[in-house]
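Coordinates as given in target-v8.pdb (PDB, C-alpha atoms and all ligand atoms):
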```pdb
ATOM      1  CA  MET U   1     -13.115  -8.922 -48.035
ATOM      2  CA  PRO U   2     -10.563  -6.169 -47.461
ATOM      3  CA  GLU U   3      -7.797  -6.483 -50.035
ATOM      4  CA  LEU U   4      -4.502  -4.630 -50.203
ATOM      5  CA  PRO U   5      -6.088  -1.331 -51.353
ATOM      6  CA  GLU U   6      -8.555  -1.279 -48.433
ATOM      7  CA  VAL U   7      -5.795  -2.074 -45.946
ATOM      8  CA  GLU U   8      -3.565   0.619 -47.436
ATOM      9  CA  THR U   9      -6.448   3.102 -47.244
ATOM     10  CA  THR U  10      -6.978   2.171 -43.596
ATOM     11  CA  ARG U  11      -3.272   2.734 -42.967
ATOM     12  CA  ARG U  12      -3.389   6.156 -44.624
ATOM     13  CA  GLY U  13      -6.448   7.121 -42.629
ATOM     14  CA  LEU U  14      -4.989   5.990 -39.303
ATOM     15  CA  ALA U  15      -1.391   7.158 -39.671
ATOM     16  CA  PRO U  16      -1.966  10.907 -39.122
ATOM     17  CA  LEU U  17      -3.994  10.118 -35.988
ATOM     18  CA  ALA U  18      -1.771   7.400 -34.551
ATOM     19  CA  VAL U  19       1.866   8.110 -35.357
ATOM     20  CA  GLY U  20       3.611  10.095 -32.630
ATOM     21  CA  ARG U  21       0.845   9.268 -30.157
ATOM     22  CA  ARG U  22       1.084   7.173 -27.024
ATOM     23  CA  ILE U  23      -1.308   4.299 -26.370
ATOM     24  CA  GLU U  24      -3.118   4.979 -23.085
ATOM     25  CA  ALA U  25      -5.079   1.766 -23.002
ATOM     26  CA  MET U  26      -6.226  -1.192 -25.025
ATOM     27  CA  LEU U  27      -9.650  -2.523 -24.113
ATOM     28  CA  VAL U  28     -10.427  -6.028 -25.360
ATOM     29  CA  TYR U  29     -14.154  -6.762 -25.233
ATOM     30  CA  ASP U  30     -13.985 -10.059 -27.093
ATOM     31  CA  PRO U  31     -10.609 -11.760 -27.635
ATOM     32  CA  ARG U  32     -11.995 -14.486 -29.894
ATOM     33  CA  LEU U  33     -10.574 -13.442 -33.237
ATOM     34  CA  ARG U  34      -8.931 -15.844 -35.694
ATOM     35  CA  TRP U  35      -6.310 -16.335 -33.021
ATOM     36  CA  SER U  36      -7.264 -15.279 -29.537
ATOM     37  CA  VAL U  37      -5.992 -11.820 -28.611
ATOM     38  CA  PRO U  38      -3.160 -12.552 -26.125
ATOM     39  CA  PRO U  39      -4.255 -11.692 -22.559
ATOM     40  CA  SER U  40      -0.948  -9.846 -22.075
ATOM     41  CA  LEU U  41      -1.462  -7.567 -25.095
ATOM     42  CA  PRO U  42      -3.167  -4.626 -23.310
ATOM     43  CA  ARG U  43      -0.404  -4.542 -20.700
ATOM     44  CA  ARG U  44       2.329  -4.708 -23.340
ATOM     45  CA  VAL U  45       1.013  -1.848 -25.489
ATOM     46  CA  ALA U  46      -0.073   0.489 -22.675
ATOM     47  CA  GLY U  47       2.130   3.560 -22.449
ATOM     48  CA  ARG U  48       3.954   2.772 -25.684
ATOM     49  CA  MET U  49       4.590   5.383 -28.374
ATOM     50  CA  ILE U  50       3.496   4.567 -31.939
ATOM     51  CA  ASP U  51       6.584   5.412 -33.998
ATOM     52  CA  ALA U  52       5.210   4.362 -37.364
ATOM     53  CA  LEU U  53       2.306   2.583 -38.980
ATOM     54  CA  ASP U  54       3.422   0.271 -41.771
ATOM     55  CA  ARG U  55       1.697  -2.236 -44.000
ATOM     56  CA  ARG U  56       3.110  -5.576 -45.142
ATOM     57  CA  SER U  57       0.796  -7.475 -47.467
ATOM     58  CA  LYS U  58      -2.572  -7.163 -45.699
ATOM     59  CA  TYR U  59      -1.091  -6.745 -42.207
ATOM     60  CA  LEU U  60      -1.081  -3.391 -40.432
ATOM     61  CA  LEU U  61       2.037  -3.014 -38.310
ATOM     62  CA  PHE U  62       2.027  -0.518 -35.463
ATOM     63  CA  ARG U  63       5.707   0.046 -34.649
ATOM     64  CA  LEU U  64       6.324   0.518 -30.938
ATOM     65  CA  ALA U  65      10.106   1.032 -30.851
ATOM     66  CA  ASP U  66      11.465  -2.499 -31.526
ATOM     67  CA  ASP U  67       8.138  -4.195 -30.911
ATOM     68  CA  THR U  68       5.204  -4.467 -33.287
ATOM     69  CA  LEU U  69       1.459  -4.700 -32.828
ATOM     70  CA  LEU U  70       0.127  -6.636 -35.816
ATOM     71  CA  VAL U  71      -3.483  -6.127 -36.913
ATOM     72  CA  HIS U  72      -5.207  -8.095 -39.652
ATOM     73  CA  LEU U  73      -8.714  -7.219 -40.804
ATOM     74  CA  GLY U  74      -9.605 -10.770 -41.768
ATOM     75  CA  MET U  75     -12.708 -11.032 -43.930
ATOM     76  CA  THR U  76     -14.942  -8.375 -42.407
ATOM     77  CA  GLY U  77     -12.748  -6.310 -40.077
ATOM     78  CA  SER U  78     -12.425  -2.539 -40.025
ATOM     79  CA  ILE U  79     -10.900   0.134 -37.813
ATOM     80  CA  ARG U  80     -12.564   3.504 -37.326
ATOM     81  CA  ALA U  81     -11.342   6.472 -35.325
ATOM     82  CA  PHE U  82     -13.555   8.377 -32.899
ATOM     83  CA  THR U  83     -12.812  11.644 -31.123
ATOM     84  CA  ASN U  84     -15.786  10.984 -28.892
ATOM     85  CA  PRO U  85     -16.518   7.268 -29.050
ATOM     86  CA  PRO U  86     -20.193   6.356 -29.195
ATOM     87  CA  ALA U  87     -21.644   3.413 -27.273
ATOM     88  CA  ARG U  88     -20.222   0.101 -28.402
ATOM     89  CA  ARG U  89     -22.139  -1.857 -30.994
ATOM     90  CA  THR U  90     -22.227  -5.610 -31.523
ATOM     91  CA  HIS U  91     -18.948  -6.786 -33.096
ATOM     92  CA  ASP U  92     -16.894  -3.876 -31.708
ATOM     93  CA  HIS U  93     -14.176  -6.080 -30.194
ATOM     94  CA  VAL U  94     -11.213  -3.877 -29.306
ATOM     95  CA  ASP U  95     -10.624  -0.191 -28.507
ATOM     96  CA  ILE U  96      -7.185   1.389 -28.617
ATOM     97  CA  VAL U  97      -7.281   4.681 -26.709
ATOM     98  CA  LEU U  98      -4.593   7.218 -27.635
ATOM     99  CA  ASP U  99      -3.245  10.042 -25.467
ATOM    100  CA  SER U 100      -4.889  12.523 -27.858
ATOM    101  CA  GLY U 101      -8.283  11.196 -26.744
ATOM    102  CA  VAL U 102      -8.864   9.505 -30.097
ATOM    103  CA  THR U 103     -10.149   5.934 -29.888
ATOM    104  CA  LEU U 104      -9.314   3.438 -32.628
ATOM    105  CA  ARG U 105     -12.138   0.931 -32.660
ATOM    106  CA  TYR U 106     -11.810  -2.535 -34.203
ATOM    107  CA  HIS U 107     -15.069  -3.943 -35.567
ATOM    108  CA  ASP U 108     -15.270  -7.445 -37.062
ATOM    109  CA  PRO U 109     -18.563  -9.362 -37.443
ATOM    110  CA  ARG U 110     -17.001 -12.641 -38.585
ATOM    111  CA  ARG U 111     -13.948 -12.409 -36.285
ATOM    112  CA  PHE U 112     -11.417 -13.752 -38.800
ATOM    113  CA  GLY U 113      -9.103 -10.851 -38.062
ATOM    114  CA  ALA U 114      -6.132 -10.869 -35.721
ATOM    115  CA  MET U 115      -4.355  -8.725 -33.173
ATOM    116  CA  LEU U 116      -0.961 -10.049 -32.135
ATOM    117  CA  TRP U 117       2.237  -8.984 -30.416
ATOM    118  CA  LEU U 118       5.446  -9.386 -32.436
ATOM    119  CA  PRO U 119       8.736  -9.070 -30.559
ATOM    120  CA  PRO U 120      11.770  -8.188 -32.680
ATOM    121  CA  PRO U 121      12.627  -9.101 -35.356
ATOM    122  CA  ALA U 122       9.017  -8.782 -36.538
ATOM    123  CA  ALA U 123       9.962  -9.631 -40.129
ATOM    124  CA  GLU U 124      10.874 -13.148 -38.991
ATOM    125  CA  HIS U 125       7.469 -13.843 -37.451
ATOM    126  CA  PRO U 126       5.889 -16.890 -39.185
ATOM    127  CA  LEU U 127       3.087 -14.729 -40.612
ATOM    128  CA  LEU U 128       5.568 -12.395 -42.310
ATOM    129  CA  ALA U 129       8.741 -14.383 -42.938
ATOM    130  CA  ARG U 130       7.708 -16.219 -46.097
ATOM    131  CA  LEU U 131       5.851 -13.417 -47.850
ATOM    132  CA  GLY U 132       6.938 -12.444 -51.344
ATOM    133  CA  PRO U 133       7.769  -8.852 -52.283
ATOM    134  CA  GLU U 134       5.247  -6.010 -52.336
ATOM    135  CA  PRO U 135       3.984  -5.234 -55.863
ATOM    136  CA  PHE U 136       5.347  -1.687 -55.654
ATOM    137  CA  ASP U 137       8.854  -2.782 -54.572
ATOM    138  CA  ALA U 138      11.466  -1.950 -57.182
ATOM    139  CA  ALA U 139      12.792  -5.511 -56.780
ATOM    140  CA  CYS U 140       9.420  -6.908 -57.826
ATOM    141  CA  ASP U 141      10.044  -6.373 -61.522
ATOM    142  CA  ALA U 142       9.730  -8.437 -64.700
ATOM    143  CA  ALA U 143      13.151 -10.025 -64.192
ATOM    144  CA  TYR U 144      12.135 -11.212 -60.735
ATOM    145  CA  LEU U 145       8.792 -12.610 -61.922
ATOM    146  CA  TRP U 146      10.486 -14.290 -64.859
ATOM    147  CA  ARG U 147      13.043 -16.047 -62.636
ATOM    148  CA  ALA U 148      10.410 -16.954 -60.055
ATOM    149  CA  THR U 149       8.035 -18.520 -62.581
ATOM    150  CA  ARG U 150      10.375 -20.623 -64.763
ATOM    151  CA  SER U 151       9.575 -23.812 -62.866
ATOM    152  CA  ARG U 152       5.898 -22.965 -62.289
ATOM    153  CA  THR U 153       3.610 -24.854 -64.648
ATOM    154  CA  ALA U 154       0.421 -23.795 -62.834
ATOM    155  CA  ALA U 155      -1.894 -21.233 -64.429
ATOM    156  CA  ILE U 156      -0.586 -17.680 -64.169
ATOM    157  CA  LYS U 157      -3.669 -16.521 -62.297
ATOM    158  CA  LEU U 158      -3.073 -19.029 -59.485
ATOM    159  CA  VAL U 159       0.628 -18.188 -59.385
ATOM    160  CA  LEU U 160      -0.156 -14.466 -59.255
ATOM    161  CA  MET U 161      -2.364 -15.033 -56.211
ATOM    162  CA  ASP U 162       0.399 -16.951 -54.388
ATOM    163  CA  ASN U 163       1.642 -14.785 -51.504
ATOM    164  CA  HIS U 164       5.068 -16.386 -51.645
ATOM    165  CA  LEU U 165       5.616 -14.986 -55.146
ATOM    166  CA  ILE U 166       4.059 -11.543 -54.721
ATOM    167  CA  VAL U 167       1.727 -10.250 -52.002
ATOM    168  CA  GLY U 168      -1.509  -8.339 -52.250
ATOM    169  CA  VAL U 169      -2.979  -9.682 -55.494
ATOM    170  CA  GLY U 170      -6.320 -11.169 -54.462
ATOM    171  CA  ASN U 171      -8.943 -12.638 -56.767
ATOM    172  CA  ILE U 172     -10.413  -9.360 -58.025
ATOM    173  CA  TYR U 173      -7.071  -7.761 -58.763
ATOM    174  CA  ALA U 174      -5.657 -10.904 -60.388
ATOM    175  CA  ASN U 175      -8.619 -10.990 -62.795
ATOM    176  CA  GLU U 176      -8.347  -7.304 -63.624
ATOM    177  CA  SER U 177      -4.558  -7.220 -63.941
ATOM    178  CA  LEU U 178      -4.522 -10.170 -66.355
ATOM    179  CA  PHE U 179      -7.106  -8.427 -68.510
ATOM    180  CA  ARG U 180      -5.084  -5.219 -68.583
ATOM    181  CA  ALA U 181      -1.984  -7.211 -69.498
ATOM    182  CA  GLY U 182      -3.817  -9.133 -72.253
ATOM    183  CA  ILE U 183      -2.906 -12.489 -70.708
ATOM    184  CA  ARG U 184      -5.238 -15.512 -70.627
ATOM    185  CA  PRO U 185      -5.526 -16.504 -66.934
ATOM    186  CA  THR U 186      -5.116 -20.222 -67.708
ATOM    187  CA  THR U 187      -1.705 -19.783 -69.385
ATOM    188  CA  PRO U 188       1.004 -21.813 -67.613
ATOM    189  CA  ALA U 189       3.178 -19.285 -65.784
ATOM    190  CA  ASN U 190       6.429 -20.625 -67.196
ATOM    191  CA  ARG U 191       5.242 -20.059 -70.781
ATOM    192  CA  LEU U 192       5.094 -16.279 -70.368
ATOM    193  CA  SER U 193       7.923 -14.258 -71.866
ATOM    194  CA  ARG U 194       9.767 -11.580 -69.959
ATOM    195  CA  THR U 195       8.000  -8.920 -72.084
ATOM    196  CA  ARG U 196       4.573 -10.222 -71.147
ATOM    197  CA  LEU U 197       5.548 -10.446 -67.485
ATOM    198  CA  ALA U 198       6.721  -6.820 -67.672
ATOM    199  CA  ARG U 199       3.252  -5.916 -68.946
ATOM    200  CA  LEU U 200       1.742  -7.918 -66.100
ATOM    201  CA  VAL U 201       3.766  -6.106 -63.408
ATOM    202  CA  ASP U 202       2.687  -2.763 -64.885
ATOM    203  CA  ALA U 203      -0.936  -3.952 -64.947
ATOM    204  CA  VAL U 204      -0.864  -5.124 -61.311
ATOM    205  CA  ARG U 205       0.554  -1.790 -60.183
ATOM    206  CA  ALA U 206      -1.915   0.223 -62.279
ATOM    207  CA  THR U 207      -4.902  -1.783 -61.018
ATOM    208  CA  LEU U 208      -3.894  -1.447 -57.358
ATOM    209  CA  THR U 209      -3.057   2.253 -57.818
ATOM    210  CA  ASP U 210      -6.530   2.903 -59.218
ATOM    211  CA  ALA U 211      -8.150   1.106 -56.283
ATOM    212  CA  ILE U 212      -6.012   2.928 -53.702
ATOM    213  CA  ALA U 213      -6.882   6.251 -55.374
ATOM    214  CA  MET U 214     -10.545   5.335 -55.071
ATOM    215  CA  GLY U 215      -9.976   4.578 -51.390
ATOM    216  CA  GLY U 216      -8.567   8.057 -50.932
ATOM    217  CA  SER U 217     -11.996   9.486 -51.601
ATOM    218  CA  THR U 218     -13.402   7.490 -48.658
ATOM    219  CA  LEU U 219     -10.865   8.845 -46.159
ATOM    220  CA  ARG U 220     -12.998  11.800 -45.148
ATOM    221  CA  ASP U 221     -15.433   9.263 -43.652
ATOM    222  CA  PHE U 222     -12.715   7.777 -41.514
ATOM    223  CA  VAL U 223     -13.087   9.769 -38.311
ATOM    224  CA  ASP U 224     -16.323   9.778 -36.343
ATOM    225  CA  SER U 225     -18.188   7.840 -39.007
ATOM    226  CA  ARG U 226     -20.151   4.781 -38.008
ATOM    227  CA  GLY U 227     -20.847   3.698 -41.550
ATOM    228  CA  GLU U 228     -19.815   0.241 -42.603
ATOM    229  CA  PRO U 229     -16.546   0.232 -44.498
ATOM    230  CA  GLY U 230     -16.981   0.357 -48.232
ATOM    231  CA  TYR U 231     -15.022  -2.126 -50.263
ATOM    232  CA  PHE U 232     -14.012  -0.396 -53.440
ATOM    233  CA  GLN U 233     -15.950  -1.035 -56.603
ATOM    234  CA  LEU U 234     -13.714  -0.199 -59.505
ATOM    235  CA  ASP U 235     -15.184  -0.077 -62.952
ATOM    236  CA  TYR U 236     -14.147  -3.655 -63.511
ATOM    237  CA  PHE U 237     -13.178  -4.889 -66.975
ATOM    238  CA  VAL U 238     -13.865  -8.569 -66.337
ATOM    239  CA  TYR U 239     -14.439  -9.339 -62.637
ATOM    240  CA  GLY U 240     -18.101 -10.256 -62.116
ATOM    241  CA  ARG U 241     -18.908  -9.425 -65.764
ATOM    242  CA  GLN U 242     -19.293 -12.937 -67.234
ATOM    243  CA  GLY U 243     -21.769 -12.947 -70.125
ATOM    244  CA  LEU U 244     -21.484  -9.178 -70.586
ATOM    245  CA  PRO U 245     -19.702  -7.566 -73.553
ATOM    246  CA  CYS U 246     -16.001  -6.745 -73.122
ATOM    247  CA  ARG U 247     -15.558  -3.016 -72.591
ATOM    248  CA  VAL U 248     -12.758  -2.999 -75.178
ATOM    249  CA  CYS U 249     -13.787  -5.368 -78.001
ATOM    250  CA  GLY U 250     -17.415  -6.312 -77.313
ATOM    251  CA  SER U 251     -16.805 -10.085 -77.093
ATOM    252  CA  LEU U 252     -18.731 -11.814 -74.329
ATOM    253  CA  ILE U 253     -16.736 -12.220 -71.102
ATOM    254  CA  ARG U 254     -16.272 -15.877 -70.157
ATOM    255  CA  GLN U 255     -15.966 -17.464 -66.760
ATOM    256  CA  VAL U 256     -14.022 -20.522 -65.618
ATOM    257  CA  ARG U 257     -13.127 -21.822 -62.155
ATOM    258  CA  GLN U 258      -9.528 -21.962 -61.018
ATOM    259  CA  GLY U 259      -8.508 -23.142 -57.566
ATOM    260  CA  GLY U 260     -12.132 -22.901 -56.437
ATOM    261  CA  ARG U 261     -12.389 -19.225 -57.426
ATOM    262  CA  ALA U 262     -14.169 -17.620 -60.365
ATOM    263  CA  THR U 263     -11.995 -16.343 -63.168
ATOM    264  CA  SER U 264     -13.424 -14.027 -65.825
ATOM    265  CA  TYR U 265     -11.635 -13.153 -69.033
ATOM    266  CA  CYS U 266     -12.158 -11.856 -72.529
ATOM    267  CA  PRO U 267     -11.484 -14.601 -75.104
ATOM    268  CA  ARG U 268     -10.341 -12.031 -77.658
ATOM    269  CA  CYS U 269      -8.310  -9.509 -75.628
ATOM    270  CA  GLN U 270      -6.555 -12.158 -73.510
ATOM    271  CA  ARG U 271      -4.407 -14.708 -75.275
TER
HETATM  272 ZN    ZN Z 301     -12.129  -7.929 -75.247
END
```

Could you take the file, read its structure, and then write that structure out as structure tokens?
Amino acid sequence: MPELPEVETTRRGLAPLAVGRRIEAMLVYDPRLRWSVPPSLPRRVAGRMIDALDRRSKYLLFRLADDTLLVHLGMTGSIRAFTNPPARRTHDHVDIVLDSGVTLRYHDPRRFGAMLWLPPPAAEHPLLARLGPEPFDAACDAAYLWRATRSRTAAIKLVLMDNHLIVGVGNIYANESLFRAGIRPTTPANRLSRTRLARLVDAVRATLTDAIAMGGSTLRDFVDSRGEPGYFQLDYFVYGRQGLPCRVCGSLIRQVRQGGRATSYCPRCQR
């Protein structure tokens, strides 16, 4: 599933092609995404200039003056750019044709993605309004996390994955960040000191930065490539490594389930 680093990589790949360009046409071949693509969407975006391409959590936001075209990649979605678009394949659901001749093609086998029109103010749209801060925001620091977790008795891993607290920390990155911070994932959030939360913020940022850097190396495949999108495989410390020796201390990595998801941790490095 595309996580924040994949979405950010998509944004970085698309921005140089899209920003400053006008949308000539949007062709919807199958509107049945997570929410149906609004029938009026092609008419609304046609002729509009893309002023900026932003990301908020896992949403791509094409800024068209005061209006916004929101794109979510769902579980299996991807966007590729073509200078000379090949014949459509199964699961190619939407084409956005730019005045440069480049076509941005949305492909999504499971159709859990979304393509929606957000009139201003986009930030108050229900999908965006209640999101917590981005992990790289200056305001998302240890003091913020400390205040926001004082009444939270749930395990820190579950709290870390709560989009209302902080966005963009999915299962993989929650596992890895907690390892890097030396925090046991089952620790009640409100038991963590400000110092440990500071370590956790640093770990979240470092983990996401590493994954985004890895995504950078895939950008050359962005234009005119029909390959399936790669989801980044970091050299994980704990994720998916249950029963294997910890890369730091050699103890066997353990696995528990939290909120229906697998959590892996090192019993010695994470306290
Ligand atoms: Zn260890």

Could I get the residues of chain U with an atom no further than 10 Å from an atom of ligand ZN 301 (chain Z), each paired with its nearest atom pair and that distance in Å to one decimal, using all atoms listed in the file, sorted by chain and residue number, as a Markdown table?
```
| residue | atom | partner | partner_atom | distance |
| --- | --- | --- | --- | --- |
| U:Phe179 | CA | Z:ZN301 | ZN | 8.4 |
| U:Gly182 | CA | Z:ZN301 | ZN | 8.9 |
| U:Phe237 | CA | Z:ZN301 | ZN | 8.9 |
| U:Val238 | CA | Z:ZN301 | ZN | 9.1 |
| U:Pro245 | CA | Z:ZN301 | ZN | 7.8 |
| U:Cys246 | CA | Z:ZN301 | ZN | 4.6 |
| U:Arg247 | CA | Z:ZN301 | ZN | 6.6 |
| U:Val248 | CA | Z:ZN301 | ZN | 5.0 |
| U:Cys249 | CA | Z:ZN301 | ZN | 4.1 |
| U:Gly250 | CA | Z:ZN301 | ZN | 5.9 |
| U:Ser251 | CA | Z:ZN301 | ZN | 5.5 |
| U:Leu252 | CA | Z:ZN301 | ZN | 7.7 |
| U:Ile253 | CA | Z:ZN301 | ZN | 7.5 |
| U:Tyr265 | CA | Z:ZN301 | ZN | 8.1 |
| U:Cys266 | CA | Z:ZN301 | ZN | 4.8 |
| U:Pro267 | CA | Z:ZN301 | ZN | 6.7 |
| U:Arg268 | CA | Z:ZN301 | ZN | 5.1 |
| U:Cys269 | CA | Z:ZN301 | ZN | 4.2 |
| U:Gln270 | CA | Z:ZN301 | ZN | 7.2 |
```

For the file shown, report as a list in words the outcome of the PyMOL selection byres (((chain U and resi 215) around 8) and not hetatm) at residue level. Pro5, Glu6, Thr9, Ala211, Ile212, Ala213, Met214, Gly216, Ser217, Thr218, Leu219 and Phe232 of chain U

Take the PyMOL selection byres (((chain U and resi 171) around 9) and not hetatm), run it mentally on this structure, and tell me the resulting residues as a PyMOL selection string. chain U and resi 157+161+169-170+172-176+239+261-263

Deliver the residues from the most recent selection as a file, using C-alpha atoms, as a compact mmCIF listing (two decimals), in the coordinates of the input.
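The file below, again.txt, is the result:
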```txt
# COMPACT_ATOMS: atom_id res chain seq x y z
CA LYS U 157 -3.67 -16.52 -62.30
CA MET U 161 -2.36 -15.03 -56.21
CA VAL U 169 -2.98 -9.68 -55.49
CA GLY U 170 -6.32 -11.17 -54.46
CA ILE U 172 -10.41 -9.36 -58.02
CA TYR U 173 -7.07 -7.76 -58.76
CA ALA U 174 -5.66 -10.90 -60.39
CA ASN U 175 -8.62 -10.99 -62.80
CA GLU U 176 -8.35 -7.30 -63.62
CA TYR U 239 -14.44 -9.34 -62.64
CA ARG U 261 -12.39 -19.23 -57.43
CA ALA U 262 -14.17 -17.62 -60.36
CA THR U 263 -12.00 -16.34 -63.17
```

Name the residues, using the chain letters and numbers of the file, that sit within 6 Å of (-14.3, -5.2, -44.2) when counting only C-alpha atoms, and give them as a list in words. Met1, Pro2, Thr76, Gly77, Ser78 and Pro229 of chain U

Selection file, C-alpha atoms, as a CSV table (one decimal), keeping the file's coordinate frame:
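Result file is out_12.csv:
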```csv
chain,number,residue,atom,x,y,z
U,1,MET,CA,-13.1,-8.9,-48.0
U,2,PRO,CA,-10.6,-6.2,-47.5
U,76,THR,CA,-14.9,-8.4,-42.4
U,77,GLY,CA,-12.7,-6.3,-40.1
U,78,SER,CA,-12.4,-2.5,-40.0
U,229,PRO,CA,-16.5,0.2,-44.5
```

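Of note, atom CA of U:Ala87 and atom CA of U:Tyr29 are spaced 12.8 Å apart.
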
Can you work out the spacing between atom CA of U:Tyr106 and atom CA of U:Met26 in Å, to one decimal? 10.8 Å

Residues returned when the PyMOL selection byres (((chain U and resi 108) around 9) and not hetatm) runs on this file, as a PDB file with C-alpha atoms, in the coordinates of the input:
```
ATOM      1  CA  LEU U  33     -10.574 -13.442 -33.237  1.00  0.00           C
ATOM      2  CA  LEU U  73      -8.714  -7.219 -40.804  1.00  0.00           C
ATOM      3  CA  GLY U  74      -9.605 -10.770 -41.768  1.00  0.00           C
ATOM      4  CA  MET U  75     -12.708 -11.032 -43.930  1.00  0.00           C
ATOM      5  CA  THR U  76     -14.942  -8.375 -42.407  1.00  0.00           C
ATOM      6  CA  GLY U  77     -12.748  -6.310 -40.077  1.00  0.00           C
ATOM      7  CA  SER U  78     -12.425  -2.539 -40.025  1.00  0.00           C
ATOM      8  CA  ILE U  79     -10.900   0.134 -37.813  1.00  0.00           C
ATOM      9  CA  HIS U  91     -18.948  -6.786 -33.096  1.00  0.00           C
ATOM     10  CA  ASP U  92     -16.894  -3.876 -31.708  1.00  0.00           C
ATOM     11  CA  HIS U  93     -14.176  -6.080 -30.194  1.00  0.00           C
ATOM     12  CA  TYR U 106     -11.810  -2.535 -34.203  1.00  0.00           C
ATOM     13  CA  HIS U 107     -15.069  -3.943 -35.567  1.00  0.00           C
ATOM     14  CA  PRO U 109     -18.563  -9.362 -37.443  1.00  0.00           C
ATOM     15  CA  ARG U 110     -17.001 -12.641 -38.585  1.00  0.00           C
ATOM     16  CA  ARG U 111     -13.948 -12.409 -36.285  1.00  0.00           C
ATOM     17  CA  PHE U 112     -11.417 -13.752 -38.800  1.00  0.00           C
ATOM     18  CA  GLY U 113      -9.103 -10.851 -38.062  1.00  0.00           C
TER      19      GLY U 113
END
```

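Atom CA of U:Val45 lies 6.6 Å from atom CA of U:Ile23.
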
Could you give me, as number ranges by chain, the residues that sit within 12 Å of (9.8, -8.0, -42.2) in the file's coordinates, counting all atoms listed in the file? U: 54-57, 59-61, 63, 68, 70, 118-134

Neighbours of U:Val28 within 9 Å (all atoms listed in the file; same-chain residues fewer than 2 positions away dropped), as a PDB file with C-alpha atoms, in the coordinates of the input?
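Result file out_14.pdb:
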```pdb
ATOM      1  CA  MET U  26      -6.226  -1.192 -25.025  1.00  0.00           C
ATOM      2  CA  ASP U  30     -13.985 -10.059 -27.093  1.00  0.00           C
ATOM      3  CA  PRO U  31     -10.609 -11.760 -27.635  1.00  0.00           C
ATOM      4  CA  VAL U  37      -5.992 -11.820 -28.611  1.00  0.00           C
ATOM      5  CA  PRO U  39      -4.255 -11.692 -22.559  1.00  0.00           C
ATOM      6  CA  PRO U  42      -3.167  -4.626 -23.310  1.00  0.00           C
ATOM      7  CA  HIS U  93     -14.176  -6.080 -30.194  1.00  0.00           C
ATOM      8  CA  VAL U  94     -11.213  -3.877 -29.306  1.00  0.00           C
ATOM      9  CA  ASP U  95     -10.624  -0.191 -28.507  1.00  0.00           C
ATOM     10  CA  ILE U  96      -7.185   1.389 -28.617  1.00  0.00           C
TER      11      ILE U  96
END
```

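If you measure from each of U:Leu98, U:Ala81, U:Ala65, U:Ile166 to U:Asp141 using all atoms listed in the file, the closest one turns out to be U:Ile166.
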
If you count all atoms listed in the file, the residue of U:Ala138, U:Ala143, U:Gln242, U:Gln258 closest to U:Thr187 turns out to be U:Gln258

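Among the candidate residues U:Met49, U:Leu41, U:Ala198, U:Met115, the one lying nearest to U:Ala18 is U:Met49, with distances computed using all atoms listed in the file.
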
Show which residues sit within 9 Å of U:Thr186, as number ranges by chain. Count all atoms listed in the file, and ignore same-chain residues fewer than 3 positions away. U: 154-158, 183, 189, 258

Can you tell me, as lines of an AutoDock Vina configuration file, the centre and edge lengths (Å, one decimal) of the axis-aligned box enclosing all of stretch 108-113 of chain U's listed atoms after padding each side by 8 Å?
```
center_x = -13.8
center_y = -10.6
center_z = -37.5
size_x = 25.5
size_y = 22.3
size_z = 18.5
```

Which residue, U:Phe136, U:Asp99, U:Gly260, U:Val167, has the smallest gap to U:Ala203 when you use all atoms listed in the file? U:Phe136

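With only C-alpha atoms as the atoms that count, the residue of U:Ala114, U:Leu145, U:Leu244, U:Leu64 with the shortest distance to U:Thr195 is U:Leu145.
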